[in-house]
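K.L.:
File entry37.cif below, mmCIF, C-alpha atoms:
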```cif
data_query
#
loop_
_atom_site.label_atom_id
_atom_site.label_comp_id
_atom_site.auth_asym_id
_atom_site.auth_seq_id
_atom_site.Cartn_x
_atom_site.Cartn_y
_atom_site.Cartn_z
CA HIS A 25 15.69 10.45 -20.51
CA HIS A 26 14.75 8.28 -17.50
CA GLY A 27 17.48 10.04 -15.50
CA TYR A 28 15.63 13.33 -15.92
CA PHE A 29 12.44 11.99 -14.35
CA TRP A 30 14.35 10.38 -11.48
CA LEU A 31 16.04 13.73 -10.82
CA ILE A 32 12.63 15.43 -10.76
CA VAL A 33 11.45 12.96 -8.11
CA LEU A 34 14.68 13.44 -6.14
CA ARG A 35 14.28 17.22 -6.29
CA GLU A 36 10.76 16.95 -4.87
CA ALA A 37 12.00 14.72 -2.04
CA ILE A 38 14.84 17.11 -1.22
CA GLY A 39 12.34 19.98 -1.28
CA GLU A 40 10.32 18.26 1.45
CA ILE A 41 13.46 17.93 3.58
CA LEU A 42 14.39 21.58 3.04
CA ARG A 43 10.90 22.69 4.06
CA ALA A 44 11.25 20.60 7.22
CA LEU A 45 14.61 22.24 7.95
CA SER A 46 12.95 25.63 8.13
CA HIS A 47 11.24 24.84 11.43
CA LYS A 48 13.45 22.17 12.99
CA SER A 49 16.68 22.53 14.89
CA LYS A 50 19.95 21.49 13.27
CA SER A 51 20.50 18.81 15.95
CA ASP A 52 17.05 17.31 15.29
CA VAL A 53 17.64 17.14 11.53
CA THR A 54 21.08 15.61 12.09
CA GLN A 55 19.61 12.91 14.33
CA ARG A 56 16.81 12.10 11.87
CA THR A 57 19.27 11.94 8.97
CA SER A 58 21.57 9.70 10.98
CA ASP A 59 18.67 7.36 11.78
CA LEU A 60 17.69 7.22 8.12
CA ILE A 61 21.19 6.35 6.92
CA ASN A 62 21.57 3.77 9.67
CA HIS A 63 18.24 2.21 8.68
CA PHE A 64 19.08 1.77 5.01
CA TYR A 65 22.82 1.14 5.20
CA ASN A 66 23.21 -0.26 8.72
CA THR A 67 25.98 2.31 9.23
CA LYS A 68 26.18 5.16 11.72
CA PRO A 69 27.28 8.28 9.77
CA THR A 70 29.72 10.72 11.31
CA PHE A 71 28.81 14.39 11.03
CA SER A 72 31.15 17.24 11.90
CA ALA A 73 31.03 21.00 12.05
CA SER A 74 32.01 21.10 8.36
CA ASN A 75 29.80 18.17 7.30
CA THR A 76 26.37 18.47 8.90
CA ALA A 77 23.15 16.84 7.74
CA PRO A 78 21.67 20.17 6.55
CA ASP A 79 24.91 20.93 4.67
CA LEU A 80 24.64 17.53 2.96
CA THR A 81 21.03 18.22 1.96
CA TYR A 82 21.80 21.65 0.51
CA THR A 83 24.76 20.19 -1.44
CA LEU A 84 22.57 17.41 -2.85
CA ASN A 85 19.90 19.92 -3.84
CA SER A 86 22.48 22.06 -5.67
CA SER A 87 23.92 19.03 -7.47
CA THR A 88 20.45 17.88 -8.56
CA ASN A 89 19.59 21.27 -10.03
CA THR A 90 22.94 21.31 -11.87
CA HIS A 91 22.29 17.97 -13.59
CA LEU A 92 18.63 18.58 -14.49
CA PRO A 93 19.24 20.82 -17.57
CA THR A 94 21.78 18.34 -19.00
CA ASN A 95 19.37 15.42 -18.68
CA LYS A 96 16.46 17.44 -20.03
CA ARG A 97 18.29 17.93 -23.35
CA VAL A 98 17.97 14.20 -24.15
CA LEU A 99 14.18 14.15 -23.75
CA PRO A 100 12.29 13.03 -26.89
CA LEU A 101 10.83 15.82 -29.02
CA GLY A 102 7.15 16.50 -28.56
CA SER A 103 4.92 15.54 -25.68
CA ILE A 104 5.57 12.32 -23.79
CA LYS A 105 2.49 10.11 -23.76
CA PRO A 106 1.91 7.19 -21.41
CA LYS A 107 1.98 3.71 -22.94
CA PHE A 108 -1.43 2.94 -21.45
CA ASN A 109 -4.12 4.58 -19.35
CA SER A 110 -3.51 3.24 -15.87
CA PRO A 111 -6.45 2.77 -13.47
CA PHE A 112 -3.99 3.58 -10.66
CA VAL A 113 -4.72 7.30 -10.50
CA ASP A 114 -2.15 9.65 -8.95
CA ASP A 115 -4.31 10.44 -5.91
CA ILE A 116 -5.37 6.87 -5.19
CA GLN A 117 -5.75 6.05 -1.47
CA CYS A 118 -3.67 3.17 -0.12
CA PHE A 119 -4.65 1.42 3.11
CA THR A 120 -1.98 -0.94 4.44
CA ASP A 121 -0.26 -1.97 7.66
CA TYR A 122 3.17 -1.86 6.02
CA GLU A 123 5.91 -0.19 8.06
CA PRO A 124 6.94 2.45 7.35
CA ARG A 125 4.11 4.13 5.43
CA SER A 126 3.75 7.76 4.44
CA VAL A 127 0.19 8.27 5.70
CA ARG A 128 0.00 6.90 9.23
CA ASP A 129 -3.80 7.07 9.43
CA ASN A 130 -4.26 4.88 6.33
CA SER A 131 -3.93 1.63 8.28
CA LEU A 132 -5.63 -1.45 6.87
CA SER A 133 -6.36 -2.60 10.43
CA HIS A 134 -8.34 0.58 11.04
CA VAL A 135 -10.76 -0.12 8.17
CA ILE A 136 -11.33 -3.83 8.87
CA VAL A 137 -14.81 -4.32 10.33
CA SER A 138 -14.92 -8.13 10.42
CA ILE A 139 -11.85 -10.37 10.50
CA GLY A 140 -13.36 -13.81 11.11
CA GLY A 141 -10.59 -16.37 11.39
CA TRP A 142 -8.10 -14.41 9.27
CA LYS A 143 -4.67 -13.91 10.84
CA ARG A 144 -2.23 -11.02 10.85
CA ALA A 145 1.46 -11.71 10.22
CA ILE A 146 4.66 -10.31 8.76
CA HIS A 147 5.11 -11.68 5.24
CA ASN A 148 8.75 -12.72 5.65
CA ASP A 149 7.88 -14.81 8.72
CA LEU A 150 5.66 -16.99 6.51
CA GLU A 151 8.81 -18.03 4.67
CA ASP A 152 11.27 -18.02 7.56
CA PRO A 153 10.14 -17.72 11.22
CA GLN A 154 13.53 -16.16 12.05
CA ALA A 155 13.26 -13.45 9.38
CA THR A 156 11.89 -10.71 11.64
CA ILE A 157 14.38 -11.47 14.41
CA THR A 158 17.24 -11.23 11.92
CA LYS A 159 15.94 -7.94 10.49
CA LYS A 160 15.51 -6.40 13.94
CA ASN A 161 19.03 -7.44 14.93
CA ARG A 162 20.34 -5.67 11.82
CA GLY A 163 18.41 -2.48 12.60
CA PHE A 164 15.86 -2.74 9.80
CA GLN A 165 12.49 -1.06 10.33
CA ASP A 166 10.56 -2.03 7.19
CA TYR A 167 8.01 -4.80 7.66
CA MET A 168 5.20 -6.09 5.43
CA HIS A 169 2.30 -6.65 7.84
CA ILE A 170 -0.40 -8.64 6.02
CA PHE A 171 -3.59 -10.63 6.61
CA TYR A 172 -4.04 -14.20 5.40
CA GLY A 173 -6.71 -16.88 5.42
CA ASN A 174 -8.37 -19.74 3.55
CA LYS A 175 -11.83 -21.29 3.19
CA ASP A 176 -11.94 -22.07 6.91
CA SER A 177 -11.22 -18.47 7.89
CA GLY A 178 -14.60 -16.99 7.03
CA SER A 179 -14.85 -13.45 5.73
CA LEU A 180 -12.52 -10.47 5.83
CA SER A 181 -14.51 -7.23 5.50
CA MET A 182 -13.07 -3.75 4.99
CA LEU A 183 -14.46 -0.24 4.74
CA ALA A 184 -13.78 1.33 1.36
CA THR A 185 -14.49 5.07 1.53
CA LEU A 186 -14.22 6.65 -1.91
CA ALA A 187 -13.61 10.39 -2.07
CA LYS A 188 -14.87 10.36 -5.67
CA PRO A 189 -16.20 7.80 -8.17
CA GLY A 190 -13.45 5.36 -9.14
CA PRO A 191 -11.86 1.93 -8.81
CA ILE A 192 -11.29 -0.43 -5.90
CA PHE A 193 -8.27 -2.77 -5.79
CA LEU A 194 -7.23 -5.56 -3.44
CA CYS A 195 -3.52 -6.33 -3.37
CA GLN A 196 -1.29 -8.96 -1.83
CA SER A 197 2.32 -8.63 -0.73
CA PRO A 198 5.02 -9.34 -3.36
CA ALA A 199 6.19 -12.94 -3.67
CA THR A 200 9.88 -13.51 -3.04
CA TRP A 201 11.49 -14.11 -6.45
CA GLY A 202 8.01 -14.85 -7.80
CA LYS A 203 7.38 -17.72 -5.38
CA MET A 204 4.67 -17.73 -2.74
CA PRO A 205 5.27 -19.24 0.74
CA GLU A 206 4.46 -22.91 1.23
CA GLY A 207 0.68 -23.45 1.34
CA PHE A 208 -0.14 -20.09 -0.30
CA LYS A 209 -1.35 -19.14 -3.77
CA PHE A 210 -1.53 -15.84 -5.64
CA LEU A 211 -4.71 -13.89 -4.99
CA TRP A 212 -5.73 -14.15 -8.66
CA GLU A 213 -4.94 -17.85 -9.04
CA THR A 214 -7.35 -19.21 -6.44
CA LYS A 215 -11.12 -19.20 -6.07
CA ILE A 216 -12.44 -16.33 -3.99
CA ASP A 217 -15.79 -14.61 -3.55
CA VAL A 218 -15.91 -10.84 -3.22
CA PHE A 219 -19.04 -8.94 -2.17
CA ILE A 220 -19.59 -5.21 -1.87
CA SER A 221 -22.21 -3.61 0.38
CA LEU A 222 -22.82 -0.26 -1.25
CA ASN A 223 -23.49 3.04 0.51
CA VAL A 224 -23.37 1.88 4.12
CA PRO A 225 -23.78 4.41 6.95
CA SER A 226 -20.75 6.62 7.40
CA ALA A 227 -18.60 6.33 10.51
CA SER A 228 -20.23 9.44 11.96
CA LYS A 229 -23.68 7.84 11.74
CA PHE A 230 -22.59 4.32 12.60
CA PRO A 231 -19.59 4.67 14.93
CA ASN A 232 -19.59 1.18 16.46
CA TYR A 233 -18.45 -0.97 13.58
CA SER A 234 -17.62 -3.84 15.96
CA THR A 235 -21.33 -4.72 15.97
CA LEU A 236 -21.45 -5.15 12.21
CA GLY A 237 -20.71 -8.87 12.48
CA GLN A 238 -24.34 -9.29 13.50
CA GLU A 239 -25.35 -7.90 10.12
CA LEU A 240 -23.36 -10.52 8.18
CA ASP A 241 -25.24 -12.85 5.85
CA LYS A 242 -23.63 -16.22 6.60
CA SER A 243 -24.48 -17.64 3.17
CA THR A 244 -22.83 -14.88 1.14
CA GLY A 245 -20.51 -13.16 3.59
CA ALA A 246 -21.98 -9.82 2.51
CA PHE A 247 -23.26 -7.15 4.86
CA LYS A 248 -26.93 -6.18 4.80
CA PHE A 249 -28.24 -2.77 5.80
CA GLN A 250 -31.61 -1.14 5.45
CA LYS A 251 -30.14 1.41 3.03
CA ALA A 252 -27.40 -0.76 1.55
CA SER A 253 -27.38 -3.31 -1.23
CA ALA A 254 -24.90 -6.17 -1.36
CA ILE A 255 -23.63 -7.12 -4.80
CA LYS A 256 -21.21 -9.78 -5.98
CA ALA A 257 -18.03 -8.47 -7.56
CA ASN A 258 -15.89 -9.98 -10.29
CA THR A 259 -12.10 -9.79 -10.02
CA ILE A 260 -9.83 -8.66 -12.85
CA HIS A 261 -6.09 -9.25 -13.06
CA ASN A 262 -3.57 -8.58 -15.80
CA LYS A 263 0.18 -7.98 -15.93
CA ASP A 264 -0.27 -4.21 -15.57
CA PHE A 265 -1.95 -4.72 -12.19
CA ASP A 266 1.13 -6.49 -10.82
CA ILE A 267 0.14 -7.85 -7.36
CA CYS A 268 -3.39 -6.40 -7.38
CA ILE A 269 -6.85 -7.43 -8.54
CA GLN A 270 -9.43 -4.88 -9.60
CA LEU A 271 -13.05 -5.25 -8.54
CA SER A 272 -15.88 -5.03 -11.05
CA ALA A 273 -19.52 -4.90 -10.01
CA GLU A 274 -21.85 -7.44 -11.60
CA GLY A 275 -24.64 -5.67 -13.44
CA GLY A 276 -23.42 -2.25 -12.31
CA ASN A 277 -21.06 0.38 -13.68
CA GLY A 278 -18.18 -1.99 -14.16
CA THR A 279 -15.00 -0.92 -12.40
CA VAL A 280 -16.26 2.53 -11.37
CA PHE A 281 -17.82 2.64 -7.91
CA SER A 282 -19.74 5.60 -6.56
CA LYS A 283 -18.42 8.14 -4.08
CA GLY A 284 -19.26 7.09 -0.54
CA THR A 285 -18.63 4.37 2.01
CA HIS A 286 -18.84 0.73 0.95
CA ILE A 287 -17.83 -2.54 2.59
CA VAL A 288 -15.68 -5.01 0.66
CA THR A 289 -15.88 -8.62 1.85
CA VAL A 290 -13.41 -11.31 0.75
CA MET A 291 -14.03 -15.04 1.22
CA ALA A 292 -11.47 -17.67 0.20
CA LYS A 293 -12.97 -20.81 -1.33
CA GLU A 294 -9.97 -23.18 -1.23
CA SER A 295 -7.81 -24.79 1.47
CA VAL A 296 -4.70 -22.95 0.23
CA LYS A 297 -4.13 -19.58 1.87
CA ILE A 298 -4.32 -16.14 0.26
CA ILE A 299 -2.91 -12.78 1.35
CA VAL A 300 -4.50 -9.33 1.53
CA ALA A 301 -2.00 -6.54 2.16
CA TRP A 302 -3.42 -3.36 0.62
CA LEU A 303 -6.81 -1.83 -0.15
CA LEU A 304 -6.65 0.84 -2.88
CA THR A 305 -9.57 3.23 -3.46
CA ALA A 306 -10.29 6.42 -5.39
#
```
Would you mind writing the file's structure down as C-alpha cells?

P.N.:
Amino acid sequence: HHGYFWLIVLREAIGEILRALSHKSKSDVTQRTSDLINHFYNTKPTFSASNTAPDLTYTLNSSTNTHLPTNKRVLPLGSIKPKFNSPFVDDIQCFTDYEPRSVRDNSLSHVIVSIGGWKRAIHNDLEDPQATITKKNRGFQDYMHIFYGNKDSGSLSMLATLAKPGPIFLCQSPATWGKMPEGFKFLWETKIDVFISLNVPSASKFPNYSTLGQELDKSTGAFKFQKASAIKANTIHNKDFDICIQLSAEGGNGTVFSKGTHIVTVMAKESVKIIVAWLLTA
C-alpha cells in the first residue's frame, strides 16, 4: 500500500507543474524541465516536436492516474491510523539556509539576531574542503548551508515567530553514514544551554534587530526586554526526532510555546563543535 501514497504525492507534484503550465510558455517550461533533469541526472535531455516537456508531464499525469486505482485496492481495510502522534505538524514552519528550499523567505540567516563567533559553512566542506568544488563542477545545486560553533563561539540567537501555540525544534544537518565530521558531536550528545526570551517586540515595533546584542545578558546568553522574560529551556531528543531536539520550557507549559515572537539562544558548553541547520516552529 506504500505505492498508493507515493502516487498520491506524485500526483500532487504533477498538479503543481500543470498549473504552472497554464500561464507559462512552452519554451519556458521546456527550459525549466531541462534544467531540472540536468541537475538531478547530470544529463542534458533532448526534446523534439513530438517529445516536449509539457507532453512528458501530461503523459506522466495520465500514467499516475491509471495506476492509482490498482494500488488503492491493496490498502488495509478500515481507517489507517498513524503509529504515533508526531509533534512535527503538517504546517510546521522550517527556517533553513539549505539550497534549494521551497519557501525562499524562510532563511535561517534572516531570523538570526546575534551570531557571536559562530561560523557559516557548507556541511560537506567540513568533511572534505573540495566537496563543494566537485559538486559545482558536476552541475549540482543542492547545498546544506549550516552554522557551527563551540564554547568559545558565544551565543547564537534566532527569532522564533509562532503563528499559533506549538513546539519549537532545533535541528542539525544529517551526519554522513551516521558519522559527524572530525571535531564535531551530535547536537543532543553534547552540553548546551538554551534560553528563550518570550514575547519580544515584533519586527514592526522593533525593526533594528542588529542592536539587540546590547540587550544580551553575558552570564546567561539570554535576551532581556522590558516586556520579555528569559527562561531556560530543556532539550528533548528521541529516535522519532531524527536530527532534531525539541525545546521544553522549565516551569512553563512544557513543549507548547505561545503564539508570538520569541528569541531562542543556543550556547555550546564544550570545546567540540555543534551544528544548527534548521529552526522549526508552529

K.L.:
Quick one: distance from CA of Phe29 (chain A) to CA of Thr88 (chain A) in Å, one decimal?

P.N.:
11.5 Å

K.L.:
List the residues selected by the PyMOL selection byres ((chain A and resi 121) around 8) in the file shown, writing them as an NGL selection string.

P.N.:
:A and (119-120 or 122-123 or 125 or 131-133 or 168-170 or 301-302)

K.L.:
One number please: CA of Arg128 (chain A) to CA of Gly141 (chain A), in Å, one decimal.

P.N.:
25.7 Å

K.L.:
Go through A:Ile157, A:Leu92, A:Ile192, A:Ile32 and flag the residue nearest Val288 (chain A), using all atoms listed in the file for the distances.

P.N.:
A:Ile192

K.L.:
Counting only C-alpha atoms, which residues sit no farther than 12 Å from the position (-7.0, -7.0, 5.0) in the file's frame? I'd like them as a PyMOL selection string.

P.N.:
chain A and resi 118-122+131-145+169-173+179-184+193-197+287-291+298-304

K.L.:
Using Å and a single decimal, report how far CA of Lys263 (chain A) sits from CA of Val296 (chain A).

P.N.:
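So the two atoms, CA of Val296 (chain A) and CA of Lys263 (chain A), lie 22.6 Å apart.
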
K.L.:
Which residues would end up in the selection if the PyMOL selection byres ((chain A and resi 216) around 7) were applied here, given that I need the answer as a list in words?

P.N.:
Thr214, Lys215, Asp217, Val218, Val290, Met291, Ala292 and Lys293 of chain A

K.L.:
Report as an mmCIF file with C-alpha atoms, in the frame of the given file the full result of the PyMOL selection byres ((chain A and resi 187) around 7) when it is applied to this structure.

P.N.:
```
data_model
loop_
_atom_site.group_PDB
_atom_site.id
_atom_site.type_symbol
_atom_site.label_atom_id
_atom_site.label_comp_id
_atom_site.auth_asym_id
_atom_site.auth_seq_id
_atom_site.Cartn_x
_atom_site.Cartn_y
_atom_site.Cartn_z
ATOM 1 C CA THR A 185 -14.490 5.070 1.530
ATOM 2 C CA LEU A 186 -14.220 6.650 -1.910
ATOM 3 C CA LYS A 188 -14.870 10.360 -5.670
ATOM 4 C CA LYS A 283 -18.420 8.140 -4.080
ATOM 5 C CA GLY A 284 -19.260 7.090 -0.540
ATOM 6 C CA ALA A 306 -10.290 6.420 -5.390
#
```

K.L.:
I'd like the contact shell of Ala257 (chain A) - 9 Å cut-off, only C-alpha atoms, skipping same-chain residues fewer than 3 positions apart - returned as an mmCIF file with C-alpha atoms, in the frame of the given file.

P.N.:
```
data_model
loop_
_atom_site.group_PDB
_atom_site.id
_atom_site.type_symbol
_atom_site.label_atom_id
_atom_site.label_comp_id
_atom_site.auth_asym_id
_atom_site.auth_seq_id
_atom_site.Cartn_x
_atom_site.Cartn_y
_atom_site.Cartn_z
ATOM 1 C CA ASP A 217 -15.790 -14.610 -3.550
ATOM 2 C CA VAL A 218 -15.910 -10.840 -3.220
ATOM 3 C CA PHE A 219 -19.040 -8.940 -2.170
ATOM 4 C CA ILE A 220 -19.590 -5.210 -1.870
ATOM 5 C CA LEU A 271 -13.050 -5.250 -8.540
ATOM 6 C CA SER A 272 -15.880 -5.030 -11.050
ATOM 7 C CA ALA A 273 -19.520 -4.900 -10.010
ATOM 8 C CA GLU A 274 -21.850 -7.440 -11.600
#
```

K.L.:
Can you rebuild region 158-171 of chain A with N, CA, C and O atoms and give it as an mmCIF file, keeping the file's coordinate frame?

P.N.:
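Wrote rebuild_1.cif, looks like this:
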```cif
data_model
loop_
_atom_site.group_PDB
_atom_site.id
_atom_site.type_symbol
_atom_site.label_atom_id
_atom_site.label_comp_id
_atom_site.auth_asym_id
_atom_site.auth_seq_id
_atom_site.Cartn_x
_atom_site.Cartn_y
_atom_site.Cartn_z
ATOM 1 N N THR A 158 16.012 -11.601 12.623
ATOM 2 C CA THR A 158 17.240 -11.230 11.920
ATOM 3 C C THR A 158 17.211 -9.775 11.486
ATOM 4 O O THR A 158 18.191 -9.034 11.642
ATOM 5 N N LYS A 159 16.059 -9.319 10.954
ATOM 6 C CA LYS A 159 15.940 -7.940 10.490
ATOM 7 C C LYS A 159 16.065 -6.953 11.649
ATOM 8 O O LYS A 159 16.716 -5.915 11.534
ATOM 9 N N LYS A 160 15.433 -7.296 12.779
ATOM 10 C CA LYS A 160 15.510 -6.400 13.940
ATOM 11 C C LYS A 160 16.942 -6.308 14.468
ATOM 12 O O LYS A 160 17.401 -5.231 14.860
ATOM 13 N N ASN A 161 17.637 -7.436 14.464
ATOM 14 C CA ASN A 161 19.030 -7.440 14.930
ATOM 15 C C ASN A 161 19.925 -6.592 14.034
ATOM 16 O O ASN A 161 20.956 -6.076 14.477
ATOM 17 N N ARG A 162 19.545 -6.462 12.762
ATOM 18 C CA ARG A 162 20.340 -5.670 11.820
ATOM 19 C C ARG A 162 19.872 -4.220 11.745
ATOM 20 O O ARG A 162 20.401 -3.428 10.962
ATOM 21 N N GLY A 163 18.862 -3.865 12.537
ATOM 22 C CA GLY A 163 18.410 -2.480 12.600
ATOM 23 C C GLY A 163 17.379 -2.093 11.564
ATOM 24 O O GLY A 163 17.051 -0.909 11.431
ATOM 25 N N PHE A 164 16.855 -3.069 10.813
ATOM 26 C CA PHE A 164 15.860 -2.740 9.800
ATOM 27 C C PHE A 164 14.540 -2.355 10.469
ATOM 28 O O PHE A 164 14.215 -2.848 11.547
ATOM 29 N N GLN A 165 13.780 -1.485 9.792
ATOM 30 C CA GLN A 165 12.490 -1.060 10.330
ATOM 31 C C GLN A 165 11.360 -1.205 9.325
ATOM 32 O O GLN A 165 10.252 -0.734 9.558
ATOM 33 N N ASP A 166 11.604 -1.850 8.194
ATOM 34 C CA ASP A 166 10.560 -2.030 7.190
ATOM 35 C C ASP A 166 9.988 -3.438 7.283
ATOM 36 O O ASP A 166 10.720 -4.423 7.169
ATOM 37 N N TYR A 167 8.680 -3.517 7.482
ATOM 38 C CA TYR A 167 8.010 -4.800 7.660
ATOM 39 C C TYR A 167 6.693 -4.818 6.879
ATOM 40 O O TYR A 167 5.940 -3.841 6.891
ATOM 41 N N MET A 168 6.432 -5.938 6.195
ATOM 42 C CA MET A 168 5.200 -6.090 5.430
ATOM 43 C C MET A 168 4.164 -6.826 6.288
ATOM 44 O O MET A 168 4.078 -8.050 6.279
ATOM 45 N N HIS A 169 3.379 -6.070 7.043
ATOM 46 C CA HIS A 169 2.300 -6.650 7.840
ATOM 47 C C HIS A 169 1.127 -6.966 6.909
ATOM 48 O O HIS A 169 0.664 -6.094 6.169
ATOM 49 N N ILE A 170 0.647 -8.200 6.946
ATOM 50 C CA ILE A 170 -0.400 -8.640 6.020
ATOM 51 C C ILE A 170 -1.465 -9.443 6.777
ATOM 52 O O ILE A 170 -1.306 -9.772 7.955
ATOM 53 N N PHE A 171 -2.545 -9.752 6.080
ATOM 54 C CA PHE A 171 -3.590 -10.630 6.610
ATOM 55 C C PHE A 171 -3.718 -11.830 5.670
ATOM 56 O O PHE A 171 -3.649 -11.675 4.447
#
```
